[in-house]
Structure formats: C-alpha cells, structure tokens
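*Asks:* Please read through the structure below; I'll follow up with questions.
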Protein chains: 2
Amino acid sequence: MTKPQKKQQQQQGKKPKTAIIPTREEDFPEWYQQVIKAADMAENSPVRGCMIIKPYGYALWENIQRNFDDIIKDLGVQNAYFPLLIPLEFMSREAEHVDGFATECAVVTHHRLEKGDDGKLIPAESAKLEEPYIIRPTSETIIGDSMSRWVQSYRDLPMKLNQWCNVMRWEMRTRMFLRTSEFLWQEGHNAFEDGEGSHEDAMKMAHAYADFAEEYLAMPMLRGEKTADERFPGAIATYTMEAMMQDGKALQAGTSHDMGQNFAKSFGVKFQGRDEKESFAHTTSWGISTRLIGGMIMMHADDDGMIMPPKVAPIQVQIIPITKDDNKEALLKYCTAFKKSLKSIGVRADVDARDLRNPDKMWGAVKKGIPLRVEIGGREMEEGVLTHVRRDIGKDSKATVSQEDFVATVHGILNDIQSTLFEKAKAFRDENLRDVSSIEEIDAFYKDGNVGFVKTDVSILQNPAFAKLKDTYKLTSRLMPFDDKGTKVVIGKAY
Amino acid sequence: MTKPQKKQQQQQGKKPKTAIIPTREEDFPEWYQQVIKAADMAENSPVRGCMIIKPYGYALWENIQRNFDDIIKDLGVQNAYFPLLIPLEFMSREAEHVDGFATECAVVTHHRLEKGDDGKLIPAESAKLEEPYIIRPTSETIIGDSMSRWVQSYRDLPMKLNQWCNVMRWEMRTRMFLRTSEFLWQEGHNAFEDGEGSHEDAMKMAHAYADFAEEYLAMPMLRGEKTADERFPGAIATYTMEAMMQDGKALQAGTSHDMGQNFAKSFGVKFQGRDEKESFAHTTSWGISTRLIGGMIMMHADDDGMIMPPKVAPIQVQIIPITKDDNKEALLKYCTAFKKSLKSIGVRADVDARDLRNPDKMWGAVKKGIPLRVEIGGREMEEGVLTHVRRDIGKDSKATVSQEDFVATVHGILNDIQSTLFEKAKAFRDENLRDVSSIEEIDAFYKDGNVGFVKTDVSILQNPAFAKLKDTYKLTSRLMPFDDKGTKVVIGKAY
C-alpha cells in the first residue's frame, strides 16, 4: 500500500486531528471497530459472537435488501421461508457427500426450561429431544428436501427460490459485520433441467452481485472463479466477487455456486424430463450477507468515520439548524419544511432537532458518513440560502447557495459522491494490484510491506516454492478473473 | 352461526360442486388446511411444528410487512436487529417477576456436531455450552437489556424500536399460520418518560393494528382491552384486536401491552429525568405475526378456496390466455404486453403462461383467491376486448369489456372487491354477535348451536354460574370494547 494518509501527514508536518482514534494507519482493526461505534451502526451483544444491529446500521441493511430484492425478483426469483431448525439427519446426508462439511453449529437438544435446585432455569431433562436439531448454518439441505417434493416434471423447472433470513455458524473469532456467529443474508437456491442452465445461472448471479455492489455500494469488484481448493464443498464451480479493503486485504463479498447434480443427488431432486426419462436437477446456490456492510466500512470510511454511498445511505442529506436561543422554534420549523421539500423529490433527508451543541451535531453527521451536510442558521433562513458540505471531500467542498439551487442540484451532487467513492476505491485497488510473473516478484512485493494483491499465471499455484510464500505472508488464492479467461490467479491476504 | 352455506344448498336442493373438499360446513378445520394447500401458500415441514411458507404465501406476508412497516416508520419507530439467542440468565430475571412465564422453548446446549459410534452426527460432548441459550420466544428481555444501556437521559426518550424476525415457542398442537413453533412477526418495544407516554403509545398501536387490518386486510376488528386474567404477564394493560372467523370463533389478531414500569425495573431501564432525578422508564410492547394470514383465510375464503383482499394480494389480476394451438405465441405476446400496461398503472398483474389446460388455469386462479381473473382468447385479442370475473362474486360478475374500459375501471373494481370483503365479514360478525344480559341467555345462545360472540355486562365474569358455562362451551373473555368504556365484555370460543 502506498500509505497516502501517512504521506499527507508528513507533507503537512503534523498529525491531523481525527474523529476516529486510532487512525487507519495506526491500527486498522481497532479503527474499524471505532468507526462502527462512532456511527452507531452496531455493537456486541451479551450473546457470544452475536452483534446487535442498531437502527442506523439496520437501515443500511434494509436499503441493501430492498434494492437487491427488486433485482432478483426481476430475474424471476421468488421469496419463501423455510424453518430455522434443520433435522440432524439432513446434515448427516450432506456429511456423507461433502468432505469439508462444517460441524460448528448451534445444537438444540431440549424444548423446555424448568427451575433447578438453586431456583435458576435449566433445560428440563424430561424435555430432551429424541432427535436434536441444529440452527441453520444455511438452508441448503431443507430447501433441497423441499425441492425433491416440489420438482416432479421439467415443467416445474427452472425453480428459483430465495430466502432472506438469519443463519448461525459457531465462530470462534468474531468481528462485527465481517464474521459473527449469527448473521443476516439472502440465500438463493435455483434448480434447472441441465448443466447449461445451472452454469448460466451461477454466472448470472455472480455478475448480478458484482453489478449491484458496484452500482449501489460503490464497491469495485474483481469477478472470477475460485480455484478448486477454494470451492464451496460439493460445488463444481464457485464464482466470487472480491474487493480490496483499504489495508490491502481481500474481502470475499458474495459467491455463487454451480452445484451440478451433486446436491440434487444427495437430496433426491429429480424430475421427468422432456425425453420422459428421470434425471437429477442441476442446481445453484448464491448468497450475500451483512458482511457487505463490513466491506463498505473498510472500503469507504476514513479517519473521521463512515462514508455512506448515497444510493443506500439511510440519510442522504443531514440538515443541521444552527440555532440560537431566540430563533430555535422558527428555524426548526423552517428546516422541517425544507426536509419535506427534499423528500418530495426523492431525497432521504433528516433534520437534527436534538438538544445538542451544534458542533456535536456536525461531527455526528461526519462520523455517520451522511453524504451531504446542510447547515442553516438564522441569517441563512432570512436570505433563503444554505451551506452544504460533502462528506467525501470535507471543508473544501463547503458552498453557500440558494435553497432553489440546492434543490435543483442535489441529485447531481449525490450522484457525483457515489461515483467519486467508486472511482477512488477503484484507483486504490488498481494501484495496489500488481502483475507479477515469478515467485521472486511476489516475495519482493510483500517483503516491501505492500499489502495489496498480486496477479500471476495460474500455474504458480502448483509451484512448491509458492506453498512456502503462502505461509510466510498468509496469502490465499482469491480468484481466477473472468477477464483473463482462467489463465491468471489473483492472490492476497484475506478477511 | 346462521349457516348461510347450508341454507343456500337447501334452497338449491342439491350439493354444489366445490373446489375445496371438505366444505366449511362439513369440516371447518380440515377445509382450512385444504384451502392453504389448494392456494399453495404453505405446507408442513419435516421440522416438528414448523411450516414452510411457500412463495405465494410469503408474497402475501411481504405485502403485509411492507405496508405496515411504512406505517410504523411514519410513527417514528426505527427497525433494528437483536440476536436470535437469549442467555438463560435473562429468562431467569423475567421468571422472577412474571408468574405466567412460558417455559416451552428451544434450548441450545452444544455448539458442535461430531460423528458418533454409528457414524451418525451427534452433539459433541466436548462442545457443551457452560450456559445454555434459548431461541427467542420474544426479544423482550434482550431488547430490555440493550435499552438499559441506551437510555440514560430523558433526551433519549421516547425510544421506539421494532424488529421483524422469526421467533420460536415449542407448541404441542400446531396449525399452519395460526399456531406454529416458529413464526414470523414484528415486535415493537417502546420506552417513555412517564405512564401517560406508555399508555398513549399502547393505545395508539392497538388502533394502528386495527386500522391496518381493516383497511389492508379487509378484516373488521373489535377493539378493546383484555380483562386482568387475560393480560400479558407483567403488563398493566393489554389491548387487543379480535376478529370473528366464519365458524364464529374469535381470533386474537394483534396485541399491544402497556408494561408500566414493571419491565423497566426487571431490566434496569432507568434515566435521569427533567427533574434530574433517576426514574424507571415506562415501556410498551406490541406485535402482529403470520397468524394474521390464518385469520384472513378463515375470514375471507370460501368453498372454492382463498379470496385475497386486493390491497395485499400478491397478484391482483390474473390474465389467462385462452390459447389454441395456432394462436399460442401471438396471444402470449399480446397478454404480456397487456400485463405491462396494467403494471404501469400500479396493478399487480400476472400472465399464466404455463403449459396447462385452460380450465386448470381458471380453477388455479380461483383457488389462489386472485381478486380479478381476465380471460383473453383469439377473438378477444382481435377485437381488443377481454372477459373479467370477480373472485368474490364469481360467474355472476362475468363481463366482457374493451381493454381500454378495463384499464380505466380496474382500480375501481379492485377497491370495490376490497370493501365488499370487509362489509361481508362485518355483516357476518354483527349478525353473530349478540347482546345478552343474563347467564341464561348465554346458555341459550350457545345451546342453540350458535358459535358467535355474546356481549354482556363485565360483572358477569364474577358470577359463579359463569365459570360453569365457560367450561361447558369452552368460552373465553375476548375483550372489553373501547366503545363501551370498559363496562361490557365480549365472550366467545377462540383459536
């Protein structure tokens, strides 16, 4: 990484004051936690490894969800809801077929509490389940079981099902949004008549994810296929989108899997074909999760806190009335009317009417990453003007304009912020993604303290010298980019 | 109940052919299951007491959710997400304070699976949790715990939080939508400075529910307060909306609770007041669930299947191309274009392009309860006309009109279906709700085979003779209607 922040500090010859302590440069993982806290997006809960998604963080997830839900519905996918609990027998069936089967999950063994000898509640022995259940780590198996009943004929195909839900995997080391024991996601499970159908669908969903991430979340993505080692257990191909975080590490941000007939065989998803013969279906599965929010933070936030891409920002314009004791009521009324006029043109605006000092409100908006801040004081009210500041640029973007001008240009400014965030992240990634052609070059790249990606010939993965390098620098193969037709592999450290 | 169906049969002197077997008259509970099956809304799952909500049923839930979500957001409620698992200690804390505390719940005791001696997966003994968790039966406790950290000053109040999620209660006797071990719901938890705040809020939410049910679900509601015996454990008042099903039984369709300071005391939700003294907050909680869908079925469906109220119907207009071999392609294209023109005026339309016989498509639309069915054949296409039939009226409403006329009137027809469903259900309820003034009258009412509600003076609940009647007819006190200012009580059998 070229460490632009550090350079900037050195040029200015002093340490800039930042709203987030520590800075990215000082301690990236801790900076990440502090950004979440300062933006009031989430916090750790009393339940091991599970977070509470606070209203501001959840509003972001809702915007992600609604926008992507519209996209998949246009692709003919139907939402449904399957049980939270999975019979152990289903997992056994999958375990028989899948080597890399994950066993860390929450197991339900009793269905009643009773008071123990010390008066505390304990699981009642008389209510022990004959067959335990697990909390879904994914609904793959129970949806497969349903499809085995629902798919009878080629007329029932393609069948495209999606579920927005919570899932649980017992994680030992957790980090909010990035890896938590419980998380929210969508899981799509589609079935097709033939291998062409499932291949095309898995590719289509991989691009749908990357298009969505780029357009809505302003997150540039590398698109490609996982190497065989990194495939989802049981899949014949796994497609992925990978993003570079500001510390140069990779985030796997969404995957789609072509399961071929493997999964259909485990769960008996078969149908009578056009040829009147019975065949197993070809299936796909694909998912994105609240992890995307972690990626947005590590890609867009800075040392003053979060920066929200306008398209999914819970609040796009934060109006701050700069009140004095004698004009408070009139100014609030004025700002509320202005908020309504912004809402009427489709802008998510909010007035900060809290009983706080004005600088606290301004810094609050900065830390929450609200794309545009609008300040209106008594004089501005009289003159019909306002002062606005872009979160991504800061005080250099400060401008005072008439209300009418602002209303006429606000969509354009928001669009510009959206594309600026994307271009900035893309420039950072391109700068930190190096084409290399030998083990020595990879070694030199990471030895120098760079933490970006290297791209090289896919054959390097078979080179025994590479195994050692992988261990030394904790490198993983991220993907074989579609653009290079599978001849190249991108390597990096990963979350 | 006046048994209108039976009368109709007798008048016609023959048993009408119905799409659902048995009819409501023959076996109401089984009819209910068959309506769900015929409409393809849900099915039982391999997980005890849990259902699978199929796409058509889930689309209805999504429409309920989106519309009600808009309503609560306008009321200043913010959505958030809290963990699925609840520490046992939280339940103990609640159990100390609440007598009617429910103990039937799913208990998580292990966090890993391993292969047992016979090769099957079993919970790993080495991964037994020191402290078990339960799957949330409600998030009351964990939200209370969060509020105790989030609420510090009167400035933090009111705090209005809502969560859309799955919850689980281990039910012994389950019925799809009405009572399942896992169900989907929203749970709102609001906190206020004083008792006036929580009282007003609980009342406001009770009316918000009933207004929503009446306007969107076409379900007439009785609104009122539960008697002390029927209150939510720990609440100082429980408000409810109660609906009469077609078998005359009551369905509790949504409740809001004024918890006073009881809950805040259990979880330490206190704040520094305007008077600079520390006080406990006054809280409310309020919820509606997928149970509403069961209520819609038992209120609106008939012996030919479901009838969807247009405002929340997944499909409002089902277009059926009456194809022949020689016009199939052209007709499908024509119908698809027509669907688009309906969508452009905000009508949820669908073309049934499946490879099925035309009568099967027509009956499919009937059983799914799609409010309006449009049939277009080759001749209609040439003439630019179509034939439409209302689901609530049936063949007597059949009319052939030009496409333009249909487009111009479709919103009006849908609105008329919506209000007709409401008025019909209301007339049925009013007909089967009797004012009575003595034990003898109640006895006579139910002895006659009536299964509606009786309304009488609230003092009757203290009459010893009433206890016996209650047992005989399985009666419960449903609510004390707001309209009668708490002087009356409505009694009936209930789901």
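FYI, nothing fancy with the structure tokens labels: chains A, B, ... in order, residues from 1 per chain, ligands from 1 as they appear.
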Should the cut-off be 7 Å, what would the residue list for chain A against chain B look like, counting only C-alpha atoms, as an NGL selection string?
*Replies:* :A and (47 or 50-55 or 58 or 78-83 or 85-88 or 92 or 103-114 or 120-121 or 123 or 170)
*Asks:* Could you pull out the alpha helix (DSSP H) residues of segment 106-221 of chain B, going by DSSP on the backbone, and write them as a CSV table (one decimal) with N, CA and C atoms, in the first residue's frame?
*Replies:*
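Generated file (out_33.csv):
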```csv
chain,number,residue,atom,x,y,z
B,140,GLU,N,-38.2,-9.4,24.0
B,140,GLU,CA,-38.4,-8.5,25.2
B,140,GLU,C,-37.2,-8.4,26.1
B,141,THR,N,-36.6,-9.5,26.5
B,141,THR,CA,-35.6,-9.4,27.5
B,141,THR,C,-34.3,-8.8,26.9
B,142,ILE,N,-33.9,-9.3,25.7
B,142,ILE,CA,-32.6,-8.8,25.2
B,142,ILE,C,-32.7,-7.3,24.8
B,143,ILE,N,-33.9,-6.9,24.3
B,143,ILE,CA,-34.1,-5.5,24.0
B,143,ILE,C,-34.1,-4.7,25.3
B,144,GLY,N,-34.7,-5.2,26.3
B,144,GLY,CA,-34.7,-4.5,27.6
B,144,GLY,C,-33.3,-4.3,28.1
B,145,ASP,N,-32.5,-5.4,28.0
B,145,ASP,CA,-31.1,-5.3,28.4
B,145,ASP,C,-30.4,-4.2,27.6
B,146,SER,N,-30.6,-4.1,26.3
B,146,SER,CA,-30.0,-3.1,25.5
B,146,SER,C,-30.5,-1.7,25.9
B,147,MET,N,-31.8,-1.6,26.1
B,147,MET,CA,-32.3,-0.3,26.5
B,147,MET,C,-31.7,0.2,27.8
B,148,SER,N,-31.4,-0.7,28.7
B,148,SER,CA,-30.8,-0.3,29.9
B,148,SER,C,-29.5,0.4,29.7
B,149,ARG,N,-28.8,0.1,28.6
B,149,ARG,CA,-27.5,0.8,28.3
B,149,ARG,C,-27.8,2.0,27.4
B,150,TRP,N,-28.8,1.9,26.6
B,150,TRP,CA,-29.0,3.0,25.6
B,150,TRP,C,-29.8,4.2,26.2
B,195,GLY,N,-46.0,7.4,32.6
B,195,GLY,CA,-47.1,6.5,32.3
B,195,GLY,C,-48.0,7.0,31.3
B,196,GLU,N,-48.2,8.3,31.1
B,196,GLU,CA,-49.0,8.8,30.1
B,196,GLU,C,-48.5,8.4,28.7
B,197,GLY,N,-47.1,8.5,28.6
B,197,GLY,CA,-46.5,8.2,27.4
B,197,GLY,C,-46.7,6.7,27.0
B,198,SER,N,-46.5,5.8,27.9
B,198,SER,CA,-46.7,4.4,27.6
B,198,SER,C,-48.2,4.0,27.3
B,199,HIS,N,-49.0,4.6,28.1
B,199,HIS,CA,-50.5,4.4,27.9
B,199,HIS,C,-50.9,4.8,26.5
B,200,GLU,N,-50.6,6.1,26.2
B,200,GLU,CA,-51.0,6.6,24.9
B,200,GLU,C,-50.4,5.7,23.7
B,201,ASP,N,-49.2,5.3,23.9
B,201,ASP,CA,-48.5,4.5,22.9
B,201,ASP,C,-49.2,3.2,22.7
B,202,ALA,N,-49.5,2.5,23.8
B,202,ALA,CA,-50.1,1.2,23.7
B,202,ALA,C,-51.5,1.3,23.0
B,203,MET,N,-52.2,2.4,23.3
B,203,MET,CA,-53.5,2.6,22.7
B,203,MET,C,-53.3,2.9,21.2
B,204,LYS,N,-52.3,3.8,20.9
B,204,LYS,CA,-52.0,4.2,19.5
B,204,LYS,C,-51.7,2.9,18.7
B,205,MET,N,-50.9,2.0,19.2
B,205,MET,CA,-50.5,0.8,18.4
B,205,MET,C,-51.7,-0.1,18.3
B,206,ALA,N,-52.5,-0.2,19.3
B,206,ALA,CA,-53.7,-1.0,19.2
B,206,ALA,C,-54.6,-0.6,18.0
B,207,HIS,N,-54.8,0.8,17.9
B,207,HIS,CA,-55.6,1.3,16.8
B,207,HIS,C,-54.8,1.2,15.5
B,208,ALA,N,-53.5,1.4,15.5
B,208,ALA,CA,-52.8,1.2,14.3
B,208,ALA,C,-53.0,-0.2,13.7
B,209,TYR,N,-52.9,-1.2,14.6
B,209,TYR,CA,-53.2,-2.5,14.1
B,209,TYR,C,-54.6,-2.7,13.5
B,210,ALA,N,-55.6,-2.3,14.3
B,210,ALA,CA,-56.9,-2.5,13.8
B,210,ALA,C,-57.2,-1.7,12.6
B,211,ASP,N,-56.7,-0.5,12.5
B,211,ASP,CA,-56.9,0.3,11.3
B,211,ASP,C,-56.2,-0.4,10.1
B,212,PHE,N,-55.0,-0.9,10.3
B,212,PHE,CA,-54.3,-1.6,9.2
B,212,PHE,C,-55.1,-2.9,8.8
B,213,ALA,N,-55.5,-3.7,9.8
B,213,ALA,CA,-56.3,-4.9,9.5
B,213,ALA,C,-57.5,-4.6,8.7
B,214,GLU,N,-58.2,-3.5,9.1
B,214,GLU,CA,-59.5,-3.2,8.4
B,214,GLU,C,-59.2,-2.6,7.0
B,215,GLU,N,-58.2,-1.7,6.9
B,215,GLU,CA,-58.0,-1.1,5.6
B,215,GLU,C,-57.3,-2.0,4.6
B,216,TYR,N,-56.3,-2.7,5.1
B,216,TYR,CA,-55.5,-3.5,4.1
B,216,TYR,C,-56.0,-5.0,4.0
```
*Asks:* If we count only C-alpha atoms, what is near Lys455 of chain A at a cut-off of 9 Å, once residues fewer than 5 positions away on the same chain are taken out, given as an MDAnalysis selection string?
*Replies:* chainID A and resid 433:437 488:492
*Asks:* Give the strand (DSSP E or B) residues of segment 274-419 of chain A, as DSSP finds them on the backbone, and put them as a PyMOL selection string.
*Replies:* chain A and resi 278-280+282-289+302+305+317-322+349-351+372-377+385-390+394-402
